[in-house]
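One file, entry27.cif, carrying mmCIF, C-alpha atoms and all ligand atoms:
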data_my_file
loop_
_atom_site.label_atom_id
_atom_site.label_comp_id
_atom_site.auth_asym_id
_atom_site.auth_seq_id
_atom_site.Cartn_x
_atom_site.Cartn_y
_atom_site.Cartn_z
CA MET A 1 -24.61 -22.44 17.82
CA ASP A 2 -22.24 -22.80 14.85
CA ILE A 3 -18.77 -21.26 15.15
CA PHE A 4 -19.29 -19.69 11.68
CA ASP A 5 -22.67 -18.06 12.49
CA LYS A 6 -20.93 -14.78 13.15
CA PHE A 7 -19.90 -14.63 9.50
CA SER A 8 -23.44 -14.99 8.12
CA THR A 9 -23.73 -11.36 6.98
CA LEU A 10 -20.33 -11.55 5.31
CA LYS A 11 -21.34 -14.85 3.71
CA SER A 12 -24.58 -13.43 2.24
CA ARG A 13 -22.68 -10.44 0.88
CA SER A 14 -20.06 -12.70 -0.65
CA ASP A 15 -22.71 -15.05 -2.13
CA LEU A 16 -24.43 -12.10 -3.78
CA VAL A 17 -21.18 -11.00 -5.43
CA LEU A 18 -20.54 -14.59 -6.57
CA GLN A 19 -23.86 -14.59 -8.42
CA LEU A 20 -22.50 -11.75 -10.55
CA GLY A 21 -19.49 -13.67 -11.86
CA VAL A 22 -16.17 -14.94 -10.51
CA ASP A 23 -14.97 -14.14 -7.00
CA PRO A 24 -13.04 -10.84 -7.20
CA PHE A 25 -11.13 -11.88 -4.07
CA GLY A 26 -10.17 -15.28 -5.45
CA VAL A 27 -8.81 -14.73 -8.95
CA LYS A 28 -6.33 -17.39 -10.02
CA PHE A 29 -3.61 -16.56 -12.52
CA ASP A 30 -2.08 -19.58 -14.23
CA THR A 31 1.14 -17.79 -15.13
CA ILE A 32 2.55 -14.33 -14.62
CA LEU A 33 4.40 -13.47 -17.83
CA ASN A 34 5.90 -10.18 -16.77
CA ALA A 35 5.07 -7.07 -14.72
CA THR A 36 2.08 -6.17 -16.89
CA ARG A 37 0.74 -9.49 -18.24
CA GLY A 38 -0.64 -12.67 -16.71
CA MET A 39 -2.42 -15.68 -18.14
CA ILE A 40 -5.79 -17.03 -17.06
CA GLY A 41 -6.26 -20.20 -19.08
CA ASN A 42 -5.31 -19.21 -22.62
CA ARG A 43 -6.26 -15.56 -22.15
CA GLU A 44 -3.55 -12.91 -21.76
CA ILE A 45 -4.63 -10.39 -19.14
CA VAL A 46 -3.36 -6.82 -18.79
CA LEU A 47 -2.40 -6.45 -15.12
CA ALA A 48 -3.57 -3.08 -13.86
CA GLY A 49 -3.93 -3.80 -10.16
CA THR A 50 -0.65 -5.18 -8.85
CA ASN A 51 1.05 -2.29 -6.96
CA ASN A 52 4.13 -3.30 -8.95
CA TYR A 53 4.84 0.41 -9.39
CA LEU A 54 8.31 0.16 -10.89
CA GLY A 55 7.76 -3.19 -12.61
CA LEU A 56 10.92 -4.56 -11.00
CA THR A 57 9.61 -8.07 -10.23
CA PHE A 58 10.90 -9.10 -13.65
CA ASP A 59 14.01 -6.91 -13.71
CA PRO A 60 16.89 -9.27 -14.66
CA ASP A 61 19.20 -7.90 -11.93
CA CYS A 62 16.54 -8.29 -9.22
CA MET A 63 15.76 -11.81 -10.41
CA ASP A 64 19.45 -12.80 -10.56
CA ALA A 65 20.11 -11.37 -7.10
CA SER A 66 17.21 -13.36 -5.74
CA ILE A 67 18.29 -16.62 -7.41
CA ASN A 68 21.91 -16.17 -6.32
CA ALA A 69 20.82 -15.54 -2.73
CA ILE A 70 18.99 -18.87 -2.69
CA LYS A 71 22.10 -20.59 -4.03
CA LYS A 72 24.25 -18.92 -1.38
CA HIS A 73 22.01 -19.13 1.71
CA GLY A 74 19.16 -21.52 0.90
CA THR A 75 15.44 -20.92 0.62
CA GLY A 76 14.60 -19.74 4.12
CA THR A 77 15.99 -18.34 7.36
CA THR A 78 13.82 -20.71 9.42
CA GLY A 79 13.61 -18.36 12.36
CA SER A 80 13.84 -14.85 13.74
CA ARG A 81 17.01 -12.82 13.81
CA ILE A 82 16.88 -12.79 17.59
CA ALA A 83 16.99 -16.59 17.71
CA ASN A 84 18.77 -17.65 14.50
CA GLY A 85 20.98 -14.64 13.92
CA SER A 86 21.11 -12.20 11.02
CA TYR A 87 22.56 -12.81 7.57
CA GLU A 88 25.02 -10.29 6.20
CA GLU A 89 22.36 -9.31 3.64
CA HIS A 90 19.77 -8.29 6.29
CA ILE A 91 22.30 -5.89 7.75
CA ASP A 92 23.48 -4.67 4.35
CA LEU A 93 19.90 -3.87 3.31
CA GLU A 94 19.25 -1.97 6.54
CA GLN A 95 22.43 0.04 6.04
CA ALA A 96 21.58 0.72 2.41
CA LEU A 97 18.06 1.93 3.31
CA ALA A 98 19.43 4.18 6.06
CA LYS A 99 22.11 5.59 3.75
CA HIS A 100 19.71 6.15 0.85
CA THR A 101 17.27 8.07 3.03
CA GLY A 102 19.79 9.78 5.32
CA MET A 103 18.23 8.13 8.39
CA GLU A 104 20.14 7.00 11.51
CA SER A 105 18.48 3.66 12.03
CA ALA A 106 16.74 1.05 9.88
CA VAL A 107 15.04 -2.22 10.77
CA VAL A 108 13.69 -4.69 8.23
CA PHE A 109 10.65 -6.89 8.92
CA SER A 110 9.03 -9.88 7.26
CA THR A 111 6.10 -7.88 5.82
CA GLY A 112 4.93 -4.28 5.71
CA TYR A 113 1.92 -5.27 7.79
CA GLN A 114 4.18 -6.58 10.54
CA THR A 115 6.31 -3.44 10.31
CA ASN A 116 3.47 -1.16 11.35
CA LEU A 117 2.12 -3.70 13.80
CA ALA A 118 5.51 -4.05 15.50
CA ALA A 119 6.67 -0.45 15.41
CA ILE A 120 3.44 1.35 16.36
CA SER A 121 2.44 -1.07 19.11
CA THR A 122 5.91 -0.84 20.66
CA LEU A 123 6.76 2.83 20.17
CA ALA A 124 3.55 3.93 21.94
CA GLY A 125 3.57 2.84 25.58
CA PRO A 126 0.90 3.09 28.29
CA LYS A 127 1.52 6.76 29.07
CA ASP A 128 1.56 7.85 25.43
CA VAL A 129 -1.25 8.86 23.06
CA ILE A 130 -1.47 7.83 19.38
CA PHE A 131 -3.12 10.12 16.83
CA ILE A 132 -4.01 8.47 13.52
CA ASP A 133 -5.58 9.61 10.27
CA ALA A 134 -9.21 8.47 9.95
CA ASP A 135 -8.42 6.59 6.70
CA SER A 136 -5.50 4.62 8.10
CA HIS A 137 -4.58 1.22 6.67
CA ALA A 138 -5.65 -1.88 8.60
CA CYS A 139 -2.12 -2.59 9.85
CA ILE A 140 -1.85 0.87 11.40
CA ILE A 141 -5.17 0.31 13.15
CA ASP A 142 -4.05 -3.13 14.30
CA GLY A 143 -0.75 -1.67 15.57
CA CYS A 144 -2.80 0.78 17.65
CA ARG A 145 -5.01 -2.03 18.96
CA LEU A 146 -1.94 -3.89 20.17
CA SER A 147 -0.48 -0.81 21.85
CA PRO A 148 -1.42 0.03 25.44
CA ALA A 149 -1.77 3.70 24.40
CA PRO A 150 -5.17 5.25 23.69
CA THR A 151 -5.80 6.10 20.03
CA ILE A 152 -7.42 9.29 18.78
CA ARG A 153 -8.48 9.66 15.14
CA PHE A 154 -8.29 12.95 13.29
CA ARG A 155 -10.03 13.92 10.05
CA HIS A 156 -8.41 12.45 6.93
CA ASN A 157 -5.57 14.59 5.59
CA SER A 158 -6.43 17.44 7.97
CA PRO A 159 -3.44 18.95 9.80
CA GLN A 160 -5.92 21.52 11.18
CA ASP A 161 -7.99 18.82 12.86
CA LEU A 162 -4.83 17.18 14.22
CA ASP A 163 -3.72 20.56 15.58
CA LYS A 164 -7.09 20.98 17.33
CA ARG A 165 -6.94 17.51 18.88
CA LEU A 166 -3.32 17.87 20.02
CA THR A 167 -4.23 21.22 21.60
CA ARG A 168 -7.24 19.66 23.34
CA GLN A 169 -5.02 16.81 24.60
CA GLY A 170 -2.55 19.29 26.13
CA GLU A 171 0.50 18.17 28.07
CA ILE A 172 0.81 14.35 28.24
CA GLU A 173 1.96 13.50 31.78
CA GLY A 174 5.09 11.33 31.47
CA GLY A 175 4.38 10.42 27.86
CA ILE A 176 4.54 11.51 24.24
CA ALA A 177 2.16 11.97 21.29
CA LEU A 178 2.80 9.71 18.29
CA VAL A 179 1.13 10.90 15.07
CA VAL A 180 0.71 8.32 12.30
CA ILE A 181 -0.14 9.20 8.71
CA GLU A 182 0.47 7.69 5.28
CA GLY A 183 2.22 9.28 2.29
CA MET A 184 0.00 8.29 -0.62
CA TYR A 185 -3.19 6.56 0.48
CA SER A 186 -3.69 3.08 -0.92
CA MET A 187 -7.30 3.21 -2.04
CA PHE A 188 -7.92 6.69 -3.47
CA GLY A 189 -4.29 7.51 -4.29
CA ASP A 190 -4.58 10.88 -2.57
CA ARG A 191 -1.55 12.40 -0.86
CA ALA A 192 -1.07 13.69 2.67
CA PRO A 193 -0.04 17.34 3.05
CA ILE A 194 3.13 16.19 4.76
CA LYS A 195 4.84 19.53 5.29
CA GLU A 196 1.82 20.86 7.16
CA PHE A 197 1.69 17.72 9.30
CA VAL A 198 5.40 18.16 10.10
CA GLU A 199 4.73 21.74 11.21
CA VAL A 200 1.82 20.77 13.45
CA CYS A 201 3.88 17.97 15.03
CA GLU A 202 6.83 20.28 15.64
CA LYS A 203 4.51 22.89 17.20
CA HIS A 204 3.23 20.31 19.72
CA GLY A 205 6.46 18.33 20.19
CA ALA A 206 4.75 15.22 18.76
CA TYR A 207 6.60 12.42 16.99
CA LEU A 208 5.62 11.89 13.34
CA TYR A 209 5.46 8.41 11.79
CA ILE A 210 4.71 8.15 8.06
CA ASP A 211 3.82 4.94 6.26
CA GLU A 212 5.19 5.45 2.74
CA ALA A 213 4.20 1.94 1.58
CA HIS A 214 2.72 3.28 -1.66
CA SER A 215 4.98 6.30 -2.11
CA PHE A 216 8.50 4.99 -1.46
CA GLY A 217 10.37 4.54 -4.73
CA ILE A 218 7.94 6.61 -6.75
CA PHE A 219 8.09 10.13 -5.31
CA GLY A 220 10.96 12.42 -4.36
CA PRO A 221 14.13 13.28 -6.29
CA THR A 222 15.81 10.04 -5.13
CA GLY A 223 12.66 7.98 -4.65
CA CYS A 224 12.50 8.24 -0.84
CA GLY A 225 8.82 9.12 -0.94
CA LEU A 226 6.52 12.07 -0.40
CA ALA A 227 8.35 13.43 2.65
CA GLU A 228 11.41 13.78 0.43
CA GLU A 229 9.29 15.30 -2.35
CA GLU A 230 8.06 17.95 0.09
CA GLY A 231 11.63 18.59 1.34
CA VAL A 232 10.92 17.53 4.94
CA LEU A 233 12.37 14.02 5.15
CA ASP A 234 14.92 15.05 7.79
CA ARG A 235 12.11 16.40 10.00
CA VAL A 236 10.13 13.12 10.07
CA ASP A 237 10.81 10.82 13.03
CA PHE A 238 9.85 7.47 11.46
CA ILE A 239 9.25 6.29 7.90
CA SER A 240 7.83 2.85 7.32
CA GLY A 241 7.40 1.02 4.05
CA THR A 242 7.06 -2.30 2.34
CA PHE A 243 9.12 -4.39 -0.07
CA SER A 244 5.91 -5.63 -1.71
CA LYS A 245 5.36 -2.68 -4.03
CA SER A 246 8.14 -0.61 -5.65
CA LEU A 247 10.79 -2.88 -4.07
CA ALA A 248 9.42 -5.92 -5.92
CA SER A 249 9.70 -8.44 -3.11
CA ILE A 250 8.06 -9.11 0.25
CA GLY A 251 9.04 -7.61 3.60
CA GLY A 252 8.98 -4.20 5.21
CA PHE A 253 11.13 -1.56 6.86
CA CYS A 254 11.00 1.15 9.46
CA LEU A 255 13.54 3.97 9.40
CA SER A 256 14.19 6.56 12.06
CA ARG A 257 16.23 9.71 12.36
CA HIS A 258 16.77 8.69 16.01
CA LYS A 259 19.57 6.24 16.88
CA GLY A 260 17.45 5.28 19.89
CA PHE A 261 15.15 3.28 17.60
CA GLU A 262 17.73 0.45 17.60
CA ILE A 263 16.78 -0.74 21.08
CA THR A 264 13.24 -1.53 19.95
CA ARG A 265 14.55 -4.62 18.10
CA LYS A 266 14.57 -6.19 21.54
CA ALA A 267 11.00 -5.10 22.29
CA MET A 268 9.01 -5.41 19.03
CA ARG A 269 7.13 -8.69 19.26
CA ALA A 270 6.28 -8.84 15.53
CA TYR A 271 10.04 -8.57 14.87
CA MET A 272 11.29 -10.87 17.61
CA PHE A 273 8.81 -13.70 17.39
CA THR A 274 8.57 -14.31 13.66
CA ALA A 275 10.96 -15.60 11.01
CA SER A 276 13.14 -13.00 9.31
CA PRO A 277 12.76 -12.29 5.57
CA THR A 278 14.22 -14.97 3.32
CA PRO A 279 17.59 -14.48 1.57
CA SER A 280 15.87 -14.24 -1.82
CA ASN A 281 13.37 -11.61 -0.60
CA ILE A 282 16.12 -9.49 0.91
CA ALA A 283 18.32 -9.79 -2.19
CA ALA A 284 15.49 -8.77 -4.53
CA ALA A 285 14.65 -5.73 -2.40
CA ARG A 286 18.33 -4.74 -2.20
CA ALA A 287 18.68 -4.92 -5.98
CA ALA A 288 15.43 -2.96 -6.42
CA LEU A 289 16.72 -0.24 -4.08
CA ASP A 290 19.72 0.16 -6.38
CA LYS A 291 17.35 0.58 -9.32
CA ILE A 292 15.39 3.24 -7.43
CA ALA A 293 18.65 5.09 -6.88
CA GLN A 294 20.00 4.64 -10.41
CA LYS A 295 16.93 4.83 -12.63
CA PRO A 296 14.83 7.97 -12.12
CA GLU A 297 13.38 7.26 -15.57
CA LEU A 298 11.28 4.50 -13.99
CA ARG A 299 9.51 7.10 -11.85
CA GLU A 300 9.17 9.45 -14.82
CA ASN A 301 7.58 6.75 -16.94
CA LEU A 302 5.19 5.77 -14.17
CA HIS A 303 4.00 9.34 -13.68
CA ALA A 304 3.60 9.87 -17.43
CA ARG A 305 1.43 6.74 -17.70
CA ALA A 306 -0.60 7.85 -14.68
CA ALA A 307 -1.25 11.25 -16.28
CA GLN A 308 -2.28 9.58 -19.56
CA LEU A 309 -4.76 7.23 -17.87
CA HIS A 310 -6.14 9.83 -15.48
CA SER A 311 -6.91 12.34 -18.21
CA GLY A 312 -8.32 9.61 -20.48
CA LEU A 313 -10.70 8.30 -17.82
CA LYS A 314 -11.77 11.82 -16.94
CA ALA A 315 -12.51 12.52 -20.60
CA LEU A 316 -14.70 9.40 -20.63
CA GLY A 317 -16.68 10.93 -17.76
CA TYR A 318 -15.55 8.63 -14.93
CA ASP A 319 -15.64 9.87 -11.35
CA LEU A 320 -12.05 9.59 -10.07
CA CYS A 321 -11.28 9.73 -6.36
CA ALA A 322 -8.12 11.87 -6.50
CA ASP A 323 -5.76 13.89 -8.68
CA VAL A 324 -3.21 12.14 -10.88
CA SER A 325 -1.21 9.42 -9.12
CA PRO A 326 -0.14 5.84 -9.91
CA ILE A 327 -3.25 4.70 -8.01
CA ILE A 328 -6.37 5.66 -9.93
CA ALA A 329 -9.63 4.77 -8.21
CA VAL A 330 -12.84 4.88 -10.24
CA ARG A 331 -15.82 5.46 -7.95
CA ARG A 332 -18.88 3.28 -8.62
CA PRO A 333 -22.34 3.77 -7.15
CA ASN A 334 -22.35 0.54 -5.12
CA GLU A 335 -20.77 -2.87 -4.62
CA ILE A 336 -23.09 -4.69 -7.03
CA VAL A 337 -22.40 -2.35 -9.92
CA ALA A 338 -18.68 -2.51 -9.15
CA ALA A 339 -18.77 -6.33 -9.13
CA VAL A 340 -20.60 -6.55 -12.48
CA GLU A 341 -18.21 -4.08 -14.07
CA TRP A 342 -15.16 -5.69 -12.54
CA ASN A 343 -16.23 -9.03 -14.06
CA TRP A 344 -16.84 -7.41 -17.43
CA LEU A 345 -13.33 -5.91 -17.40
CA LEU A 346 -11.76 -9.27 -16.53
CA GLU A 347 -13.78 -11.01 -19.26
CA ASN A 348 -12.28 -8.37 -21.54
CA ASN A 349 -8.77 -9.17 -20.32
CA ILE A 350 -8.19 -6.24 -17.97
CA TYR A 351 -7.43 -6.94 -14.32
CA VAL A 352 -8.10 -4.15 -11.82
CA ASN A 353 -8.88 -4.37 -8.10
CA PHE A 354 -12.43 -4.69 -6.80
CA ALA A 355 -12.26 -2.57 -3.65
CA VAL A 356 -15.17 -2.30 -1.23
CA PRO A 357 -15.81 -1.53 2.46
CA PRO A 358 -14.34 -2.04 5.01
CA GLY A 359 -11.17 -1.73 2.92
CA THR A 360 -12.19 1.61 1.39
CA PRO A 361 -12.78 5.10 2.79
CA GLN A 362 -16.23 6.71 2.78
CA SER A 363 -17.88 3.27 2.29
CA SER A 364 -17.03 3.59 -1.37
CA SER A 365 -17.06 0.86 -4.02
CA LEU A 366 -14.15 1.18 -6.39
CA LEU A 367 -12.54 -0.17 -9.51
CA ARG A 368 -9.01 0.50 -8.33
CA ILE A 369 -6.17 0.67 -10.82
CA SER A 370 -2.49 0.73 -9.92
CA LEU A 371 -0.02 1.43 -12.67
CA SER A 372 3.51 0.28 -13.33
CA ALA A 373 6.52 1.90 -14.97
CA ALA A 374 6.48 -1.23 -17.14
CA HIS A 375 3.14 -0.25 -18.70
CA SER A 376 3.55 1.17 -22.17
CA SER A 377 1.52 3.98 -23.64
CA ASP A 378 -0.27 1.31 -25.72
CA ASP A 379 -1.17 -0.58 -22.53
CA ILE A 380 -2.84 2.55 -21.20
CA GLU A 381 -4.80 2.85 -24.47
CA LEU A 382 -5.95 -0.77 -24.03
CA ILE A 383 -7.18 0.01 -20.51
CA LEU A 384 -8.89 3.20 -21.70
CA ASN A 385 -10.54 1.40 -24.57
CA ALA A 386 -11.91 -1.22 -22.16
CA PHE A 387 -13.35 1.48 -19.90
CA LYS A 388 -14.87 3.19 -22.96
CA GLN A 389 -16.62 -0.04 -23.97
CA LEU A 390 -17.62 -0.61 -20.37
CA SER A 391 -19.54 2.66 -20.28
CA GLU A 392 -21.07 1.93 -23.70
CA ASN A 393 -22.30 -1.41 -22.31
CA GLY A 394 -23.73 0.33 -19.26
CA GLU A 395 -27.39 -0.43 -19.92
CA ALA A 396 -26.90 -4.15 -20.57
CA LEU A 397 -24.77 -4.47 -17.44
CA MET A 398 -27.32 -2.64 -15.31
CA ALA A 399 -30.03 -4.98 -16.58
CA ARG A 400 -27.90 -7.83 -15.26
CA VAL A 401 -27.67 -6.07 -11.87
CA GLN A 402 -31.49 -5.68 -11.74
CA GLU A 403 -31.96 -9.35 -12.64
CA VAL A 404 -29.75 -10.53 -9.78
CA LEU A 405 -31.31 -8.13 -7.30
CA ALA A 406 -34.84 -9.14 -8.32
CA ALA A 407 -33.97 -12.77 -7.66
CA GLN A 408 -32.98 -11.96 -4.05
N1 LIG B 1 0.77 -0.03 4.59
C1 LIG B 1 -0.08 0.26 3.59
C2 LIG B 1 -0.56 1.67 3.44
C3 LIG B 1 -0.51 -0.74 2.71
O1 LIG B 1 -1.36 -0.45 1.73
C4 LIG B 1 -0.03 -2.05 2.89
C5 LIG B 1 -0.45 -3.21 1.99
N2 LIG B 1 -1.02 -2.95 0.83
C6 LIG B 1 0.84 -2.31 3.94
C7 LIG B 1 1.22 -1.28 4.76
C8 LIG B 1 1.33 -3.71 4.21
O2 LIG B 1 2.28 -4.10 3.31
P1 LIG B 1 2.67 -5.63 3.07
O3 LIG B 1 1.95 -6.07 1.87
O4 LIG B 1 4.14 -5.61 2.91
O5 LIG B 1 2.26 -6.39 4.29
#
Could you quickly redo this structure as C-alpha cells?
Ligand code: PMP
Amino acid sequence: MDIFDKFSTLKSRSDLVLQLGVDPFGVKFDTILNATRGMIGNREIVLAGTNNYLGLTFDPDCMDASINAIKKHGTGTTGSRIANGSYEEHIDLEQALAKHTGMESAVVFSTGYQTNLAAISTLAGPKDVIFIDADSHACIIDGCRLSPAPTIRFRHNSPQDLDKRLTRQGEIEGGIALVVIEGMYSMFGDRAPIKEFVEVCEKHGAYLYIDEAHSFGIFGPTGCGLAEEEGVLDRVDFISGTFSKSLASIGGFCLSRHKGFEITRKAMRAYMFTASPTPSNIAAARAALDKIAQKPELRENLHARAAQLHSGLKALGYDLCADVSPIIAVRRPNEIVAAVEWNWLLENNIYVNFAVPPGTPQSSSLLRISLSAAHSSDDIELILNAFKQLSENGEALMARVQEVLAAQ
C-alpha cells in the first residue's frame, strides 16, 4: 500500500487537466507590476482573478506603511501574542476596526481562514448547535468540524429554511444556536439576504455570525460590508473578514457587538498557538482601512466596472451565476471545457480563476472573474474582447476537448 494511493482519483483528474495546457492551480507570475497587471515571461497579463477589490496592494500609502513597519519592528513577530506579547500596531488595528464598524470588540488573526477556524470552533461549545449555509466556505466548515457542537446545514441563502430548522430544533438545553452565513459568496458572487437572516435569528434568539471576507470594504456607506448596506450591522453578533482582499494584506479579523468576546482570546487555539500577523501585514491593513474610510470613490469605481463587465458578458450570451457584483462567475458545461477555455484566455493574456468542485457550489465549473477598483474601463473592454474571441473560437476549442477525451 502506497501512502499516496488515496489520491489516485485526484491525480487522474489533475493529469487530465494538465493534458489541456498549463496547470490552472500552479500558475507562476514572474513579476506583479501593479494591481491589474502581472508578467509571465515577457507577456503582460491582465489580472482579473486576484480578489484585490480596491487595488490597494500598490497604493503608495499602504506600501510605505508596510515598509516603515519593517524598519520599526522587523520582519516578523516570531510568535503568538499570548507568548510574545502584542505590538502597539496589533492593538491599534483592532481598535480602528471596532471604531470603524461600531463594534465593541475586535480580534485580529494571522489569516482569514484561521479567523473562522478559531472563532467558530470556540464560540460553539458541546451544548450548542451550529447552523450553516449549505454553500459555506471551507474554513467555516473546518471551524464546525473542530467544534464539539453538532452542525446543521440549511439551504443556501434561505432564511425560510433556517427558520424551519431552528423551529424543528426547539429549545437548546443549556446551549445556544450559532448561525453562520457569508455576506457575498466567493464563487458565484451572490449576496445573502442579511436583513431576513437577522430577523429569523432574532425570532429564535440565535446568534448570527457573518463572514464578510468578500464584502468588507466594498459594500455599505462606509465600507463595512453587506450588513451595513442593509442597515442591520448593529443587530449582527459577529462579523469576520480577511485582510487578503480589500485590505490588501494578509490576516483576518473577527468583530463582535458583545464585550464578552474578549475572553475568547484565551480560548481560541488558532489564535493562541500560532504566530501573530507580521508588523508589515498589520501596517498595510491599517493603511488600507483608512483608504476604505476616506475613499468611497474606490467602491464606486469597482461597482461601475462590475456593471460594465456583467452587462457586456451577458450581451455576449454567457451564462452568469449571479447579478452584478465584483465577482463575476461564468458557468461552463464541465471541467474540461473550463480548463481549455481558461488556458485560451491565459494564452491571450487574461488571467481569471479556474474554479471547480469541491470549491464551487452545485458542482459547477467556472471561469471566475474578480474585479478591482484599479481596473479601467479599457481593461474591462480588453476582458470583454477576449471573451468575445473565446466564443468565436468555440468550435476549434471543442475539437481540442474531443481529441483529449478520445485519447483517454
Ligand atoms: N472566508 C471566505 C468566504 C473566503 O473566500 C476566504 C478566502 N478566499 C476566507 C474566508 C479566508 O481568507 P484568507 O485568505 O485570509 O485565509
Note to self: One decimal, in Å: what's the spacing between atom C2 of ligand LIG 1 (chain B) and CA of Cys139 (chain A)?
What the structure shows: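 Rounded to one decimal, the two atoms are 7.9 Å apart.
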*CA of Ser365 (chain A) to CA of Arg153 (chain A), straight-line distance in Å*: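 Computing the Euclidean distance for CA of Arg153 (chain A) and CA of Ser365 (chain A) yields 22.8 Å.
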Can I get the residues close to ligand LIG 1 (chain B) as an MDAnalysis selection string, where close means within 7 Å and we count all atoms listed in the file?
chainID A and resid 111:114 116 137 139 182 185:186 211:214 241:244 250:252
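One distance worth recording is that between CA of Ala270 (chain A) and CA of Gly174 (chain A), which is 25.7 Å.
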Would you mind listing what lies within 7 Å of region 67-74 of chain A as a PyMOL selection string, with all atoms listed in the file counted and same-chain residues fewer than 6 positions away left out? chain A and resi 279-280+283
If you count all atoms listed in the file, the residue of A:Ile218, A:Ala304, A:Cys321, A:Ala396 closest to Leu247 (chain A) turns out to be A:Ile218
Shell around Gln389 (chain A) at 12 Å using only C-alpha atoms, local window under 5 positions removed, as a list in words:
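Here the answer would be Leu313, Leu316, Glu341, Trp344, Leu345, Asn348, Leu382, Ile383, Leu384, Gly394, Glu395, Ala396 and Leu397 of chain A.
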Handout entry: For Ala83 (chain A): contacts at 12 Å, all atoms listed in the file, fewer than 5 positions along chain excluded, given as a VMD selection string
Key = chain A and resid 77 to 78 266 271 to 276
Inset, instruction - Measuring atom to atom with only C-alpha atoms, identify which of A:Ser240, A:Ser14, A:Ser66, A:Thr360 is nearest to Ala329 (chain A). - result: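 So, comparing all the options, the nearest one is A:Thr360.
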Shortest contact to Val179 (chain A), candidates A:Gly223, A:Gly21, A:Pro193, A:Pro159, atoms counted only C-alpha atoms, goes to A:Pro159
Point out the residue among A:Thr115, A:Ser215, A:Asp237, A:Cys224 with the least atom-to-atom distance to Cys201 (chain A), counting all atoms listed in the file.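 Nearest to Cys201 (chain A): A:Asp237.
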Counting only C-alpha atoms, closest pick from A:Ser363, A:Met39, A:Leu208, A:Gln308 relative to His375 (chain A) is A:Gln308
Given all atoms listed in the file as the basis, pick out the residue of A:Arg145, A:Lys6, A:His258, A:His303 nearest to Leu54 (chain A).
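Of all the options, A:His303 lies closest to Leu54 (chain A).
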(request) Please provide the set of residues having any atom within 10 Å of Ala134 (chain A), restricted to all atoms listed in the file, with same-chain residues fewer than 4 positions apart removed, written as a PyMOL selection string. (result) chain A and resi 141+152-158+181+361
Give me the residues within 9 Å of Pro333 (chain A) as a PDB file with C-alpha atoms, keeping the file's coordinate frame, counting only C-alpha atoms and dropping any in the same chain fewer than 5 places off.
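Generated file (part.pdb):
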ATOM      1  CA  ALA A 338     -18.680  -2.510  -9.150  1.00  0.00           C
ATOM      2  CA  SER A 364     -17.030   3.590  -1.370  1.00  0.00           C
ATOM      3  CA  SER A 365     -17.060   0.860  -4.020  1.00  0.00           C
ATOM      4  CA  LEU A 366     -14.150   1.180  -6.390  1.00  0.00           C
TER       5      LEU A 366
END
